[in-house]
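Visitor: My structure is below; once you've seen it, I'll send some questions.
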Amino acid sequence: MISRARAVAAHLSTTAGPGLDQLWSKSDLCRLIIGTGSGRAFCAGGDVATVLRNALDEETRPKAVEFFKKEFELDYSLSQLPKPYVAVLDGITMGGGVGLAINAPFRVATEKTVFAMPETKIGYCPDVGASYFLSRLDGEVGTYLALTSDTLVGREVFEHGLATHYITSRSVPSLLSRLTEFENPSFSQINRTIEELHAERQPHEPHGKLTGTVRRALDTAFSHNTVEEIFQNLEALTGTPDIRVQSWAKQTLQTLRMRSPTSLKVALSALRRGKDMSLLEALQMEIGIATSYCNEASPDFRAGINAVLIEKTEGRPAWSPDRVSEVSTGIVERFFSEDSPYRTATPKLSVPNGLRDRNFNFMTYSLPTELDVLDSIRSHCKEGPVTIPDLLVSMDSVCKHKFGTKDKILDVIHRKCNLVTSEGGPVVTLKEE
């Protein structure tokens, strides 16, 4: 629908219909798209229970595949919009809801934001482009989120790059008011407007759970290309003297053992493949995976939906195979191989020519990546050690004066650099790689 009589913004609802994305692109009435949720959620995903019921019956199975096809096509089209798109994630943002949000150049988190890709809980695999965007997060955070289905809350969503800005929930009405006053806003105008409402970290505010030594352990454990090696690394970490890492490793193992073993292997394979794909290629791969699940390449989709969403039973669903070691390469290839009989009905995603091949980078307005921060530190330390205050001042312009950058730089310094005490205070040097 069109917002206000002046028609400067089109408000995205979670019931956006087919072709609406093209209407937004072409209409002169639509100058800005704002995605907001309803109540406690931005969007918590589609009706997967209905999808499963359709998938289990051969007559209605095409409806299930068509659901995923339309969903993925909309997700891709949103990434190609020439108009500014702002997604306000003031609540639960999970599964299919992430697909609607992640392709917005501007993704605004608040303290009420709860992010997750919960698919491995239900014997499925993260989709809506997850193999593309999760594989591009810093370190192995994306791999961790894909396999565990863990949640990020509030500022964490911003700090890990899934949101581009962070404001308080009470500032949302002010933001919407400012945005809808624009006649024909540029991307830089919108960025400045949201930045002006940035909420700085308060002294009492705890740091995110995936920081410091835990983050260092996470990047090591989830860097492997097999689920078995990830388990082995986590098991070794349960004996570390670092109590925080030890506790995290034990909890992560417990979580992974609750997940579908097949889903863990399919998700890991999809992420490793997706890192070298374009968004459209990743979504095409994912529609093949979704089609395979609908055609019962694994019984875990049925078992997971029944246990978690329909019967709502507690405990571990009856996964088959029951152990990671029992999930063969052949089973995993059911979801990826062009020769797989479970993929024969995979549709080709259809994207209008007017919404194709835009050079979209979902991280454009996010915090600088860890690699960018390290490159900048390396450049500043070229002539020798640098004090932290001097480093922060010199890097501010490099990081485009973006709010929130200081916390990220400090986290990277403490994880990736050597701190040496000198007369002028701690100085920074890069660790030997």
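To be explicit about the labels: the chains of the structure tokens are called A, B, and onward in the order shown, and within each one the residues are counted from 1, while ligands get numbers from 1 in the order they are shown.
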Neighbours of Leu237 of chain A within 8 Å (only C-alpha atoms; same-chain residues fewer than 5 positions away dropped), as a list of chain:residue names?
Guide: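 Once the adjacent positions are removed, what remains is A:Ala217, A:Val245, A:Gln246, A:Ala249.
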Visitor: Could those selected residues go to a file with N, CA and C atoms, as a compact mmCIF listing (two decimals), in the first residue's frame?
Guide:
```txt
# COMPACT_ATOMS: atom_id res chain seq x y z
N ALA A 217 37.39 -19.18 19.80
CA ALA A 217 37.14 -20.63 19.80
C ALA A 217 36.13 -21.01 18.73
N VAL A 245 34.89 -20.37 27.64
CA VAL A 245 34.95 -21.17 26.42
C VAL A 245 34.47 -22.59 26.70
N GLN A 246 34.86 -23.14 27.83
CA GLN A 246 34.45 -24.49 28.21
C GLN A 246 32.93 -24.60 28.28
N ALA A 249 31.42 -24.35 24.73
CA ALA A 249 31.64 -25.57 23.94
C ALA A 249 30.67 -26.67 24.38
```
Visitor: Atom CA of Gly304 of chain A and atom CA of Pro317 of chain A, how far apart in Å?
Guide: 6.1 Å
Visitor: Give one line per residue of segment 253-327 of chain A that approaches segment 149-165 of chain A to at most 10 Å, naming the two atoms of the closest pair and their distance in Å to one decimal, counting only C-alpha atoms; sort by chain then ascending residue number and deliver it as JSON lines.
Guide:
```
{"residue": "A:Thr255", "atom": "CA", "partner": "A:Asp150", "partner_atom": "CA", "distance": 8.7}
{"residue": "A:Leu256", "atom": "CA", "partner": "A:Ser149", "partner_atom": "CA", "distance": 9.0}
{"residue": "A:Arg259", "atom": "CA", "partner": "A:Ser149", "partner_atom": "CA", "distance": 8.8}
```
Visitor: Taking 3 positions as the minimum chain separation for residues in the same chain, which residues sit within 7 Å of segment 335-350 of chain A when counting only C-alpha atoms? Answer as a PDB file with N, CA, C and O atoms, in the first residue's frame.
Guide:
```pdb
ATOM      1  N   LYS A  69       9.512 -21.396  -4.330  1.00  0.00           N
ATOM      2  CA  LYS A  69       9.914 -20.680  -5.550  1.00  0.00           C
ATOM      3  C   LYS A  69       9.499 -19.212  -5.473  1.00  0.00           C
ATOM      4  O   LYS A  69      10.313 -18.301  -5.710  1.00  0.00           O
ATOM      5  N   GLU A  73      12.030 -15.980  -5.159  1.00  0.00           N
ATOM      6  CA  GLU A  73      11.993 -14.964  -6.215  1.00  0.00           C
ATOM      7  C   GLU A  73      11.749 -13.581  -5.628  1.00  0.00           C
ATOM      8  O   GLU A  73      12.362 -12.589  -6.058  1.00  0.00           O
ATOM      9  N   GLN A 284      19.122 -20.406  -6.274  1.00  0.00           N
ATOM     10  CA  GLN A 284      18.800 -21.516  -7.180  1.00  0.00           C
ATOM     11  C   GLN A 284      19.250 -22.838  -6.563  1.00  0.00           C
ATOM     12  O   GLN A 284      18.542 -23.854  -6.655  1.00  0.00           O
ATOM     13  N   ILE A 287      16.656 -23.679  -3.862  1.00  0.00           N
ATOM     14  CA  ILE A 287      15.365 -24.206  -4.319  1.00  0.00           C
ATOM     15  C   ILE A 287      15.516 -25.686  -4.671  1.00  0.00           C
ATOM     16  O   ILE A 287      14.587 -26.476  -4.504  1.00  0.00           O
ATOM     17  N   GLY A 288      16.725 -26.088  -5.099  1.00  0.00           N
ATOM     18  CA  GLY A 288      16.996 -27.514  -5.313  1.00  0.00           C
ATOM     19  C   GLY A 288      16.967 -28.279  -4.000  1.00  0.00           C
ATOM     20  O   GLY A 288      16.430 -29.393  -3.923  1.00  0.00           O
ATOM     21  N   ILE A 289      17.544 -27.688  -2.956  1.00  0.00           N
ATOM     22  CA  ILE A 289      17.530 -28.320  -1.628  1.00  0.00           C
ATOM     23  C   ILE A 289      16.101 -28.422  -1.106  1.00  0.00           C
ATOM     24  O   ILE A 289      15.680 -29.469  -0.598  1.00  0.00           O
ATOM     25  N   THR A 291      13.321 -28.460  -2.831  1.00  0.00           N
ATOM     26  CA  THR A 291      12.602 -29.459  -3.630  1.00  0.00           C
ATOM     27  C   THR A 291      12.935 -30.869  -3.162  1.00  0.00           C
ATOM     28  O   THR A 291      12.058 -31.737  -3.051  1.00  0.00           O
ATOM     29  N   SER A 292      14.213 -31.093  -2.852  1.00  0.00           N
ATOM     30  CA  SER A 292      14.632 -32.413  -2.372  1.00  0.00           C
ATOM     31  C   SER A 292      13.962 -32.759  -1.048  1.00  0.00           C
ATOM     32  O   SER A 292      13.517 -33.892  -0.829  1.00  0.00           O
ATOM     33  N   ASN A 295      10.443 -33.691  -1.586  1.00  0.00           N
ATOM     34  CA  ASN A 295      10.338 -35.036  -2.176  1.00  0.00           C
ATOM     35  C   ASN A 295      10.892 -36.110  -1.255  1.00  0.00           C
ATOM     36  O   ASN A 295      11.181 -37.226  -1.697  1.00  0.00           O
ATOM     37  N   ALA A 297      13.783 -36.500   0.431  1.00  0.00           N
ATOM     38  CA  ALA A 297      15.174 -36.956   0.364  1.00  0.00           C
ATOM     39  C   ALA A 297      15.674 -37.291   1.764  1.00  0.00           C
ATOM     40  O   ALA A 297      16.627 -38.046   1.931  1.00  0.00           O
ATOM     41  N   VAL A 332      23.859 -36.770   1.462  1.00  0.00           N
ATOM     42  CA  VAL A 332      24.038 -35.325   1.272  1.00  0.00           C
ATOM     43  C   VAL A 332      23.883 -34.960  -0.200  1.00  0.00           C
ATOM     44  O   VAL A 332      23.250 -33.944  -0.547  1.00  0.00           O
TER      45      VAL A 332
END
```
